[in-house]
Structures are given as structure tokens and as C-alpha cells.
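Participant: The file below is work09.cif, mmCIF, C-alpha atoms and all ligand atoms:
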```
data_target
loop_
_atom_site.label_atom_id
_atom_site.label_comp_id
_atom_site.auth_asym_id
_atom_site.auth_seq_id
_atom_site.Cartn_x
_atom_site.Cartn_y
_atom_site.Cartn_z
CA MET A 1 -152.60 59.35 160.62
CA ILE A 2 -155.16 60.11 163.38
CA THR A 3 -158.86 60.71 162.82
CA GLU A 4 -161.29 61.40 165.63
CA TYR A 5 -165.03 60.96 166.05
CA ASP A 6 -167.76 60.41 168.63
CA ALA A 7 -169.41 57.03 169.14
CA GLY A 8 -172.25 57.08 171.69
CA ASN A 9 -170.81 58.35 174.94
CA GLU A 10 -167.24 57.77 173.79
CA LYS A 11 -164.58 59.90 172.14
CA VAL A 12 -162.66 57.80 169.60
CA PHE A 13 -159.24 58.36 168.05
CA LEU A 14 -158.40 56.10 165.14
CA ILE A 15 -154.65 55.76 164.65
CA ARG A 16 -153.22 54.51 161.36
CA ARG A 17 -156.59 53.03 160.36
CA LEU A 18 -156.24 50.22 162.91
CA ILE A 19 -155.79 51.28 166.52
CA GLU A 20 -158.89 52.71 168.21
CA VAL A 21 -158.24 54.63 171.41
CA ARG A 22 -161.50 55.24 173.26
CA PHE A 23 -162.40 57.41 176.26
CA ARG A 24 -165.66 58.16 178.01
CA LYS A 25 -166.47 61.67 176.81
CA GLU A 26 -166.68 63.11 180.34
CA THR A 27 -163.34 61.58 181.32
CA TYR A 28 -161.74 62.90 178.15
CA GLU A 29 -163.02 66.44 178.80
CA GLU A 30 -161.63 66.29 182.35
CA LEU A 31 -158.23 65.05 181.17
CA LEU A 32 -158.05 67.79 178.53
CA LYS A 33 -158.13 70.40 181.29
CA LYS A 34 -154.75 69.18 182.49
CA TYR A 35 -153.01 67.65 179.47
CA SER A 36 -152.67 68.07 175.71
CA LYS A 37 -154.63 65.81 173.37
CA GLU A 38 -151.47 63.91 172.42
CA GLN A 39 -150.56 63.34 176.07
CA VAL A 40 -154.06 62.08 176.81
CA ILE A 41 -154.02 59.64 173.90
CA GLN A 42 -150.58 58.34 174.73
CA PHE A 43 -150.43 58.23 178.51
CA ALA A 44 -153.89 58.35 180.09
CA GLU A 45 -154.81 55.07 181.71
CA GLU A 46 -158.55 55.62 181.45
CA LYS A 47 -158.62 54.50 177.81
CA ARG A 48 -159.70 51.38 175.98
CA VAL A 49 -157.58 50.31 173.01
CA LEU A 50 -159.43 48.30 170.38
CA HIS A 51 -158.71 46.71 167.00
CA HIS A 52 -160.73 48.78 164.55
CA ALA A 53 -161.85 45.81 162.43
CA THR A 54 -162.72 43.33 165.18
CA LYS A 55 -163.51 45.66 168.13
CA ARG A 56 -161.55 43.38 170.43
CA ASN A 57 -158.97 44.62 172.93
CA LEU A 58 -155.70 45.29 171.14
CA HIS A 59 -152.43 44.64 173.02
CA TYR A 60 -149.19 46.20 171.85
CA ILE A 61 -146.21 43.84 172.05
CA SER A 62 -142.82 45.55 172.17
CA ARG A 63 -139.47 44.59 173.64
CA GLU A 64 -140.46 46.55 176.77
CA SER A 65 -143.60 44.40 177.19
CA GLN A 66 -141.23 41.45 177.73
CA ILE A 67 -143.45 39.11 175.72
CA PRO A 68 -141.25 36.82 173.61
CA LEU A 69 -142.02 36.53 169.91
CA LEU A 70 -141.46 32.78 169.94
CA GLY A 71 -143.93 30.28 171.34
CA HIS A 72 -147.33 31.68 170.38
CA ALA A 73 -149.26 30.72 167.23
CA ALA A 74 -150.99 34.07 166.79
CA PHE A 75 -148.14 36.59 166.85
CA GLY A 76 -144.39 36.82 166.42
CA LEU A 77 -142.28 34.28 164.56
CA ILE A 78 -142.72 30.61 163.76
CA ASP A 79 -139.95 28.24 162.69
CA ARG A 80 -141.22 24.91 161.37
CA GLY A 81 -137.79 23.52 160.55
CA THR A 82 -137.41 24.83 156.99
CA ASN A 83 -135.88 27.85 155.29
CA LEU A 84 -139.24 29.64 155.63
CA ILE A 85 -139.91 31.77 158.69
CA GLN A 86 -143.50 32.80 159.34
CA VAL A 87 -143.76 36.42 160.42
CA ARG A 88 -146.97 37.32 162.24
CA PRO A 89 -147.17 41.04 162.95
CA LEU A 90 -150.77 41.26 164.13
CA THR A 91 -154.02 39.41 164.68
CA GLY A 92 -157.53 40.36 163.58
CA CYS A 93 -159.22 40.24 160.20
CA ASN A 94 -161.70 42.50 158.42
CA LEU A 95 -163.47 39.53 156.79
CA CYS A 96 -165.41 36.73 158.40
CA CYS A 97 -165.03 33.79 156.01
CA ILE A 98 -167.40 30.88 156.48
CA PHE A 99 -164.42 28.50 156.21
CA CYS A 100 -161.92 30.40 158.39
CA SER A 101 -159.59 27.90 160.04
CA VAL A 102 -158.90 30.23 162.97
CA ASP A 103 -162.42 31.64 163.52
CA GLU A 104 -161.31 35.19 162.74
CA GLY A 105 -163.30 38.36 162.10
CA ARG A 106 -165.76 40.40 164.05
CA GLU A 107 -168.21 37.53 164.50
CA SER A 108 -165.62 35.22 166.05
CA ARG A 109 -166.96 33.22 168.95
CA THR A 110 -163.63 32.10 170.33
CA LYS A 111 -161.25 35.06 170.10
CA LYS A 112 -161.12 37.55 172.96
CA ASN A 113 -158.00 39.66 172.32
CA ASP A 114 -155.90 40.94 169.44
CA TYR A 115 -152.18 41.74 169.34
CA ILE A 116 -149.93 44.00 167.34
CA VAL A 117 -146.15 43.65 167.40
CA ASP A 118 -143.72 46.56 167.29
CA PRO A 119 -141.95 46.42 163.88
CA ASP A 120 -138.43 47.03 165.27
CA TYR A 121 -138.85 44.26 167.83
CA LEU A 122 -140.17 41.89 165.15
CA LEU A 123 -137.28 42.66 162.80
CA GLU A 124 -134.63 42.27 165.51
CA GLU A 125 -135.97 38.88 166.53
CA TYR A 126 -136.38 37.76 162.92
CA ARG A 127 -132.77 38.66 162.23
CA LYS A 128 -131.57 36.39 165.07
CA ILE A 129 -133.49 33.40 163.69
CA ALA A 130 -132.44 34.09 160.11
CA GLU A 131 -128.76 34.26 161.19
CA PHE A 132 -129.18 30.95 163.04
CA LYS A 133 -130.71 29.26 159.99
CA GLY A 134 -128.36 30.69 157.35
CA GLY A 135 -128.93 32.25 153.91
CA GLY A 136 -131.72 31.70 151.39
CA ILE A 137 -134.55 32.41 153.83
CA GLU A 138 -138.13 33.17 152.84
CA ALA A 139 -139.85 35.57 155.22
CA HIS A 140 -143.54 34.78 154.88
CA ILE A 141 -145.89 37.32 156.43
CA ASP A 142 -149.16 35.68 157.42
CA GLY A 143 -151.21 35.09 160.53
CA GLN A 144 -154.60 34.89 162.13
CA ALA A 145 -155.23 38.22 160.45
CA GLU A 146 -155.25 40.30 157.30
CA PRO A 147 -151.56 41.32 157.24
CA PHE A 148 -152.18 44.49 155.21
CA LEU A 149 -154.07 45.91 158.21
CA TYR A 150 -150.68 46.16 159.92
CA PRO A 151 -149.95 49.90 160.03
CA TYR A 152 -146.19 49.34 159.61
CA ILE A 153 -146.40 46.86 156.74
CA GLU A 154 -144.11 48.84 154.47
CA GLU A 155 -141.44 49.24 157.16
CA LEU A 156 -141.71 45.54 157.91
CA VAL A 157 -141.41 44.34 154.30
CA HIS A 158 -138.44 46.61 153.54
CA GLY A 159 -136.80 45.70 156.86
CA LEU A 160 -137.13 41.97 156.20
CA LYS A 161 -135.72 42.27 152.70
CA ASN A 162 -132.71 44.24 153.98
CA ILE A 163 -131.64 41.42 156.28
CA ARG A 164 -128.78 39.59 154.62
CA GLU A 165 -130.18 36.06 155.00
CA THR A 166 -133.54 36.95 153.43
CA GLU A 167 -133.88 35.85 149.84
CA VAL A 168 -137.64 36.10 149.41
CA VAL A 169 -140.34 38.14 151.15
CA SER A 170 -143.87 36.90 150.56
CA ILE A 171 -147.22 37.80 152.06
CA GLN A 172 -150.65 36.26 152.45
CA THR A 173 -153.65 38.55 151.92
CA ASN A 174 -157.36 38.69 151.23
CA GLY A 175 -156.63 41.71 149.00
CA THR A 176 -159.39 43.95 150.35
CA VAL A 177 -157.30 46.72 151.92
CA ILE A 178 -154.32 47.00 149.56
CA SER A 179 -153.96 50.27 147.68
CA ARG A 180 -152.03 50.89 144.46
CA ASP A 181 -149.67 53.19 146.37
CA MET A 182 -148.84 50.35 148.73
CA ILE A 183 -148.01 48.03 145.84
CA ASP A 184 -145.85 50.72 144.21
CA SER A 185 -143.92 51.30 147.42
CA LEU A 186 -143.47 47.58 148.14
CA GLU A 187 -142.34 46.64 144.64
CA LYS A 188 -138.64 46.75 145.38
CA SER A 189 -138.81 44.53 148.48
CA LEU A 190 -141.83 42.26 148.16
CA ASP A 191 -141.36 39.19 145.96
CA ARG A 192 -144.72 37.44 146.05
CA VAL A 193 -148.31 38.04 147.11
CA ASN A 194 -150.50 35.02 147.85
CA LEU A 195 -153.96 36.42 147.23
CA SER A 196 -157.03 34.43 148.25
CA ILE A 197 -159.94 34.80 145.86
CA SER A 198 -162.58 32.09 146.22
CA ALA A 199 -165.42 33.38 144.03
CA LEU A 200 -165.87 35.64 141.03
CA ASP A 201 -169.61 35.93 141.56
CA GLY A 202 -170.44 38.94 143.76
CA ALA A 203 -173.36 37.45 145.71
CA LEU A 204 -171.49 34.21 146.34
CA ALA A 205 -168.38 36.13 147.42
CA ASP A 206 -170.45 38.07 149.98
CA ARG A 207 -171.73 34.76 151.34
CA ILE A 208 -168.31 33.10 151.47
CA TYR A 209 -166.52 36.08 153.03
CA GLY A 210 -169.30 36.83 155.54
CA VAL A 211 -169.27 40.59 154.78
CA LYS A 212 -170.03 42.91 151.86
CA TYR A 213 -166.98 41.91 149.82
CA PRO A 214 -165.31 44.44 147.47
CA LEU A 215 -164.95 41.95 144.60
CA ARG A 216 -164.22 44.51 141.90
CA LYS A 217 -161.50 46.18 143.95
CA VAL A 218 -159.85 42.83 144.74
CA LEU A 219 -159.83 41.80 141.06
CA GLU A 220 -158.34 45.16 140.04
CA THR A 221 -155.72 44.80 142.77
CA ALA A 222 -154.86 41.31 141.49
CA GLU A 223 -154.33 42.66 138.01
CA TYR A 224 -152.27 45.59 139.27
CA ILE A 225 -149.98 43.23 141.21
CA ALA A 226 -149.64 40.90 138.21
CA ASN A 227 -148.49 43.89 136.16
CA SER A 228 -145.94 44.96 138.78
CA ARG A 229 -142.56 43.41 139.58
CA ILE A 230 -144.18 41.49 142.41
CA ASP A 231 -145.23 37.94 141.62
CA LEU A 232 -148.84 36.94 142.17
CA LEU A 233 -150.19 33.59 143.30
CA ILE A 234 -153.96 33.26 143.42
CA ALA A 235 -155.06 30.93 146.19
CA PRO A 236 -158.74 30.00 146.19
CA VAL A 237 -160.18 27.72 148.84
CA TRP A 238 -162.35 25.08 147.22
CA LEU A 239 -165.51 24.65 149.25
CA PRO A 240 -167.38 21.59 147.97
CA GLY A 241 -171.03 22.27 147.15
CA ILE A 242 -170.44 26.03 147.44
CA ASN A 243 -167.88 27.34 144.94
CA ASP A 244 -167.20 24.29 142.70
CA HIS A 245 -168.15 26.24 139.57
CA GLU A 246 -165.99 29.20 140.53
CA ILE A 247 -162.66 27.36 140.56
CA PRO A 248 -162.34 26.96 136.74
CA LYS A 249 -163.28 30.64 136.36
CA ILE A 250 -160.59 31.61 138.88
CA ILE A 251 -158.01 29.51 137.01
CA GLU A 252 -158.91 31.32 133.79
CA PHE A 253 -158.75 34.70 135.52
CA ALA A 254 -155.29 33.97 136.98
CA LEU A 255 -153.95 32.92 133.59
CA GLU A 256 -155.55 35.88 131.83
CA ILE A 257 -153.98 38.51 134.08
CA GLY A 258 -150.55 36.83 134.04
CA ALA A 259 -150.23 35.56 137.60
CA GLY A 260 -147.24 33.31 138.35
CA LYS A 261 -144.16 34.81 136.76
CA ARG A 262 -141.51 33.11 138.92
CA TRP A 263 -143.65 30.79 141.05
CA PRO A 264 -146.87 28.90 140.25
CA ALA A 265 -149.87 31.05 139.30
CA LEU A 266 -152.36 29.15 141.43
CA GLY A 267 -152.40 27.47 144.80
CA ILE A 268 -155.84 25.86 145.07
CA GLN A 269 -156.45 24.93 148.70
CA LYS A 270 -158.60 22.11 149.97
CA TYR A 271 -161.11 23.08 152.66
CA ILE A 272 -160.11 21.25 155.85
CA PRO A 273 -162.17 21.57 159.04
CA TYR A 274 -159.79 22.53 161.87
CA ARG A 275 -160.35 22.34 165.61
CA GLY A 276 -161.25 25.87 166.62
CA GLY A 277 -162.08 26.86 163.01
CA ARG A 278 -165.43 27.32 161.25
CA LYS A 279 -167.03 24.11 160.02
CA LEU A 280 -168.81 23.44 156.74
CA ARG A 281 -171.10 20.53 155.99
CA HIS A 282 -169.26 19.05 153.00
CA VAL A 283 -165.63 17.96 153.08
CA MET A 284 -163.90 16.45 150.05
CA SER A 285 -161.51 13.51 150.21
CA PHE A 286 -157.86 14.16 149.30
CA ARG A 287 -158.19 11.59 146.52
CA SER A 288 -161.08 13.45 144.79
CA PHE A 289 -159.33 16.78 145.35
CA TYR A 290 -156.05 15.74 143.72
CA SER A 291 -157.78 13.86 140.93
CA LYS A 292 -159.78 16.99 139.98
CA LEU A 293 -156.61 19.12 140.14
CA ARG A 294 -154.94 16.68 137.73
CA GLU A 295 -157.88 17.00 135.35
CA TRP A 296 -157.71 20.81 135.44
CA GLU A 297 -153.95 20.69 134.94
CA GLN A 298 -154.57 18.85 131.66
CA GLU A 299 -157.42 21.11 130.62
CA TYR A 300 -155.70 24.44 131.31
CA GLY A 301 -152.04 23.44 130.87
CA VAL A 302 -151.12 24.92 134.25
CA LYS A 303 -149.41 23.44 137.29
CA LEU A 304 -151.88 22.91 140.13
CA LEU A 305 -150.38 20.06 142.16
CA LEU A 306 -147.80 21.85 144.23
CA SER A 307 -145.10 20.86 146.68
CA PRO A 308 -142.81 22.91 148.95
CA LYS A 309 -140.06 22.44 146.32
CA ASP A 310 -142.04 24.58 143.86
CA PHE A 311 -141.41 27.47 146.26
CA GLY A 312 -137.78 26.62 147.03
CA ILE A 313 -138.66 25.43 150.54
CA GLU A 314 -136.18 22.97 152.03
CA LYS A 315 -135.45 21.48 155.43
CA ARG A 316 -133.22 23.51 157.76
CA ARG A 317 -132.11 23.12 161.34
CA ARG A 318 -134.74 24.44 163.69
CA LEU A 319 -134.42 26.50 166.84
CA PRO A 320 -134.11 24.14 169.80
CA SER A 321 -137.37 23.50 171.63
CA LEU A 322 -136.74 24.64 175.19
CA LEU A 323 -139.85 23.22 176.84
CA ARG A 324 -141.07 19.64 176.79
CA LYS A 325 -144.45 18.06 177.13
CA GLY A 326 -145.16 17.01 180.72
CA GLU A 327 -142.80 19.56 182.32
CA VAL A 328 -144.25 21.65 185.14
CA TYR A 329 -143.57 25.38 185.59
CA PHE A 330 -144.62 28.22 187.81
CA ALA A 331 -144.77 31.64 186.16
CA ARG A 332 -146.48 34.99 186.33
CA ILE A 333 -149.28 35.56 183.82
CA ALA A 334 -147.87 38.30 181.61
CA MET A 335 -150.86 39.04 179.41
CA ASP A 336 -154.43 38.04 178.67
CA GLY A 337 -154.68 35.30 176.06
CA ARG A 338 -155.98 35.17 172.53
CA GLY A 339 -159.04 33.02 173.31
CA TYR A 340 -161.47 32.87 176.20
CA GLY A 341 -159.94 31.04 179.17
CA GLU A 342 -156.40 31.54 177.84
CA ARG A 343 -153.55 33.56 179.30
CA ILE A 344 -149.93 34.10 178.25
CA ALA A 345 -147.04 33.21 180.54
CA VAL A 346 -143.32 33.49 179.83
CA VAL A 347 -140.89 30.62 180.45
CA LYS A 348 -137.27 30.42 179.25
CA GLY A 349 -137.81 33.20 176.71
CA ARG A 350 -140.88 31.58 175.18
CA ALA A 351 -144.53 32.69 175.24
CA VAL A 352 -146.76 29.89 176.50
CA THR A 353 -150.54 29.82 176.18
CA VAL A 354 -151.90 28.61 179.52
CA ILE A 355 -155.48 27.51 180.10
CA THR A 356 -156.42 29.08 183.43
CA GLY A 357 -159.01 31.34 184.99
CA LYS A 358 -156.36 33.33 186.88
CA LYS A 359 -155.88 37.00 186.10
CA PRO A 360 -152.84 38.61 184.44
CA GLY A 361 -150.27 39.54 187.09
CA SER A 362 -150.93 36.49 189.25
CA GLY A 363 -148.76 33.40 189.40
CA VAL A 364 -149.85 30.10 187.89
CA ARG A 365 -148.53 26.55 188.11
CA PHE A 366 -149.03 24.62 184.90
CA VAL A 367 -148.02 21.57 182.94
CA ILE A 368 -146.97 21.74 179.29
CA THR A 369 -149.59 19.76 177.37
CA ARG A 370 -148.61 20.42 173.77
CA VAL A 371 -145.43 21.27 171.92
CA LYS A 372 -145.48 21.64 168.14
CA ASP A 373 -143.11 23.63 165.92
CA GLY A 374 -142.01 25.69 168.90
CA ILE A 375 -145.60 26.60 169.85
CA TYR A 376 -146.46 25.83 173.47
CA LEU A 377 -149.69 25.08 175.28
CA GLY A 378 -150.06 24.52 179.02
CA GLU A 379 -152.82 23.84 181.53
CA GLU A 380 -153.08 24.99 185.12
CA ILE A 381 -152.58 22.28 187.70
S1 LIG B 401 -159.42 36.29 155.25
FE1 LIG B 401 -158.31 34.60 156.24
S2 LIG B 401 -158.08 35.19 158.41
FE2 LIG B 401 -159.64 36.52 157.47
S3 LIG B 401 -161.58 35.51 158.01
FE3 LIG B 401 -160.96 34.85 155.95
S4 LIG B 401 -159.83 32.95 156.26
FE4 LIG B 401 -159.95 33.98 158.24
#
```
Just dump the structure as C-alpha cells.

Facilitator:
Amino acid sequence: MITEYDAGNEKVFLIRRLIEVRFRKETYEELLKKYSKEQVIQFAEEKRVLHHATKRNLHYISRESQIPLLGHAAFGLIDRGTNLIQVRPLTGCNLCCIFCSVDEGRESRTKKNDYIVDPDYLLEEYRKIAEFKGGGIEAHIDGQAEPFLYPYIEELVHGLKNIRETEVVSIQTNGTVISRDMIDSLEKSLDRVNLSISALDGALADRIYGVKYPLRKVLETAEYIANSRIDLLIAPVWLPGINDHEIPKIIEFALEIGAGKRWPALGIQKYIPYRGGRKLRHVMSFRSFYSKLREWEQEYGVKLLLSPKDFGIEKRRRLPSLLRKGEVYFARIAMDGRGYGERIAVVKGRAVTVITGKKPGSGVRFVITRVKDGIYLGEEI
């Protein structure tokens, strides 16, 4: 579970393939004179804790940290008023896709910090929301991240499935870090994997994903999932002028390996430039997008135009929104924020992203500027 190595003048401990604990070598040697290695790793304050894939600061969110799991877009739980609850156990991705809507990966220009949520805390809070919403819930693990980097993914998936209200557990992934053992152990609790594959050509895949992409491994993983009890949905992002010729090949691949046993086999996504995401030159109109999907539906005899109903998603009462736009609060900054210039404050049991230059620990007066699906943004006044 822990490997150790030297990096320049630092001693590094890598825990569960994700959490890097770093010390200056001299400091570490000094601490070792008084404490055991385990004590140093766990308790010494002179350490830096980084996300192994992104090298950003990694913050651990547990019940003791007193950071609520509702209110922030990057971690915790999101209720958008349906029977699907988004479960976001960590941030940070090992890829750096040219189309990433949240500017993730090591080359991100906007992200400053990463977060990881304690699995027990996440499950306890999920249970409360699921009980509030009633039975037939889909727990969908996704995020501004590659969810399979979460070191407690198996615990999380099994825990979600064991909650009475959960009917379906699904997960979003880029497929690069899933092992066969993981699939075997998740088979009894995980219902569907939404796997993004946007090119079958190696050189193009490297370009699209912004890293050396393990195409062969991802394709083998896709096939292994399709042959398991877990359902597989292949979700390419269509990037006009870049991977147009790949989409028909991906449709054929999905059909060949037997994706889509209970749900649709393919979820082709339209590239949409988002504020804060990476921008591409060409954007397709919705009309051309849907018209081409219709054509491919005819050609391949497969359903490509999808709606929430195809996944059993229906409207449900949502958790009440406790904060309103325009309201003014004063709160202590509890944690550094996800992006530069952002901090996290806590109001009425909700995490609020506040735009301010003030440091964590200090108080800040702010106005709520945005409220959407229980996600809150404020600005210092
Ligand atoms: S895999 Fe997803 S989160 Fe990661 S960089 Fe690509 S689009 Fe962003």
C-alpha cells in the first residue's frame, strides 16, 4: 500500500497509488530520530501532501474536517432534482484531454487544489439524501477526476449498493487505471460503467488525451467489462474536424464486444465549450449533431439518440436550497479553494465557494452570486 522513493531533495511516500506525502530529506532524517516512520508520515506537520497524478495539494475531507459534502461542484454529493445522485469522491485526473470541460489534468491552468473524501463520511451523507428521496436511486460516481484513482473505490461501490434506496450504481471512467481484479471484485455491486473512448487510432488518441494514452489496455478493459456482469456504455466525445472518422469505428467496436446489455451501448457526446473548460476551434450545431446520429442509427441499427428515460431517470423532490442569491453572510474560510482565487466557507451546513484573496482561517463577508442545483458561489464584499 505504501511505496517510498527519493525525488531531488525530498523523501516521498506514495500511499495507495494516489496520496504523495513529501518531506525535505533533512527534516525527515531529524524526525526519524524521535519517531517511527509511520508516526512521521501520519502526524508530522512538516509534510506536503500531493495528488500523485496532478502534483497539486491534496486535501482530505472527513467528518472531522467539518467541510459539508453538499454545496461544492468538485467533491461530495450533488442532487439535481432526479432519482440520480452524483457521488464525487475525489478530484484530479491522470489524463489531460484537449476538450476537458473542467480543465483537469496536470497541465491545468485553473486548478490549484485537489480533494479526497473519506469513504465512510461520503456513504453516511449519501444515505441521508437517498432516504430523503426514496427508493429506486441511481448512485452515479463521477467528478472532475478519474474516479478509479480513488483508493477506496471498491469500499465505496459496495457501500453504495448496500444502501436500501440504491437500485443502480454506475461510474464514469476514462478506463486507463482499471485492472481486471477491480472489475472482478466490483461485479456484484457495480451495474454500469460509462467508458469514454474517443479514438481507436493510437496517435490520434495521444493527441486527444494530451498524454501517452494506453489505447490497447483501454480496449481490452472495455471487452473485459462487456464480458462481465457489469453493463458497459461507451461514451465517445465527438470533436468536429478531429475524430469524425473515429465515431463509426467506435460504434462498430461497441457492438462487436457486446456493450449495452441492459442500457444503451453508446452515449455519443457532443463537444460543448464550457466556461472554465478547454476550448476547441470547431463546434457543431445541435441540429447537425442529432441529424448525423439519426443517420448512424439507421446505418448500424443501434439507439444513439438518448434521453434520461433510457436510463430510468425521473424527477424527484430535491433537497431544499438553504441559501439564496443576493444573501450576505460572514463566515470563516475553512479551506483553500479548487481554483486560483477561490476559498471554501461553510454556511448552514453547505460548502460555498467564495472568490476572495483572504487566507484560510480568516473571516470573510460575501454575497451569494450563484445558486444552481445546490451548488453555491459567493464573492467577497
Ligand atoms: S478524462 Fe475526463 S476529467 Fe480527465 S482530462 Fe479527460 S475529460 Fe477531463

Participant: Between A:Tyr5, A:Ser185, A:Phe13, A:Ile375, which residue has the minimum interatomic distance to Glu155 of chain A, considering only C-alpha atoms?

Facilitator: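 Counting only C-alpha atoms, the residue closest to Glu155 of chain A is A:Ser185.
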
Participant: Put a box with edges along x, y and z around all the listed atoms of ligand LIG 401 (chain B), pad it by 5 Å on each side, then give me its centre and sizes in Å, one decimal, as AutoDock Vina command-line options.

Facilitator:
```
--center_x -159.8 --center_y 34.7 --center_z 156.8 --size_x 13.5 --size_y 13.6 --size_z 13.2
```

Participant: Give me the residues near Pro119 of chain A as a ChimeraX atom specification, where near means some atom within 9 Å (using all atoms listed in the file) and where sequence neighbours in that chain fewer than 6 positions away do not count.

Facilitator: /A:62,89,152-153,155-156,159

Participant: Would you name the residues within 6 Å of ligand LIG 401 (chain B), counting all atoms listed in the file, and put them as a ChimeraX atom specification?

Facilitator: /A:93,95-97,100,104-105,144-146,174

Participant: As a PyMOL selection string, please: the residues near Leu190 of chain A (cut-off 12 Å, all atoms listed in the file, same-chain neighbours under 3 positions excluded).

Facilitator: chain A and resi 138-141+153-162+166-172+182-187+193-194+225+228-232

Participant: To one decimal place in Å, what is the distance between atom CA of Ala331 of chain A and atom CA of Gly357 of chain A?

Facilitator: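 If I compute the distance from atom CA of Ala331 of chain A to atom CA of Gly357 of chain A, I get 14.3 Å.
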
Participant: Compare A:Phe23, A:Ala265, A:Phe148, A:Ser288 by their minimum atom-to-atom distance to Gln42 of chain A, counting all atoms listed in the file, and give me the closest one.

Facilitator: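 Closest residue, counting all atoms listed in the file: A:Phe23.
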
Participant: Please report the interatomic distance between atom CA of Ile368 of chain A and atom CA of Pro320 of chain A in Å with one decimal.

Facilitator: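 Those two atoms sit 16.2 Å apart.
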
Participant: Calculated over all atoms listed in the file, which of the candidates A:Arg207, A:Ser179, A:Gly276, A:Asn57 has the smallest distance to Ser108 of chain A?

Facilitator: A:Gly276

Participant: Which residue out of A:Ala74, A:Ile137, A:Ile247, A:Val12 has the minimum interatomic distance to Val102 of chain A when only C-alpha atoms are used?

Facilitator: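 Selected residue with least distance to Val102 of chain A: A:Ala74.
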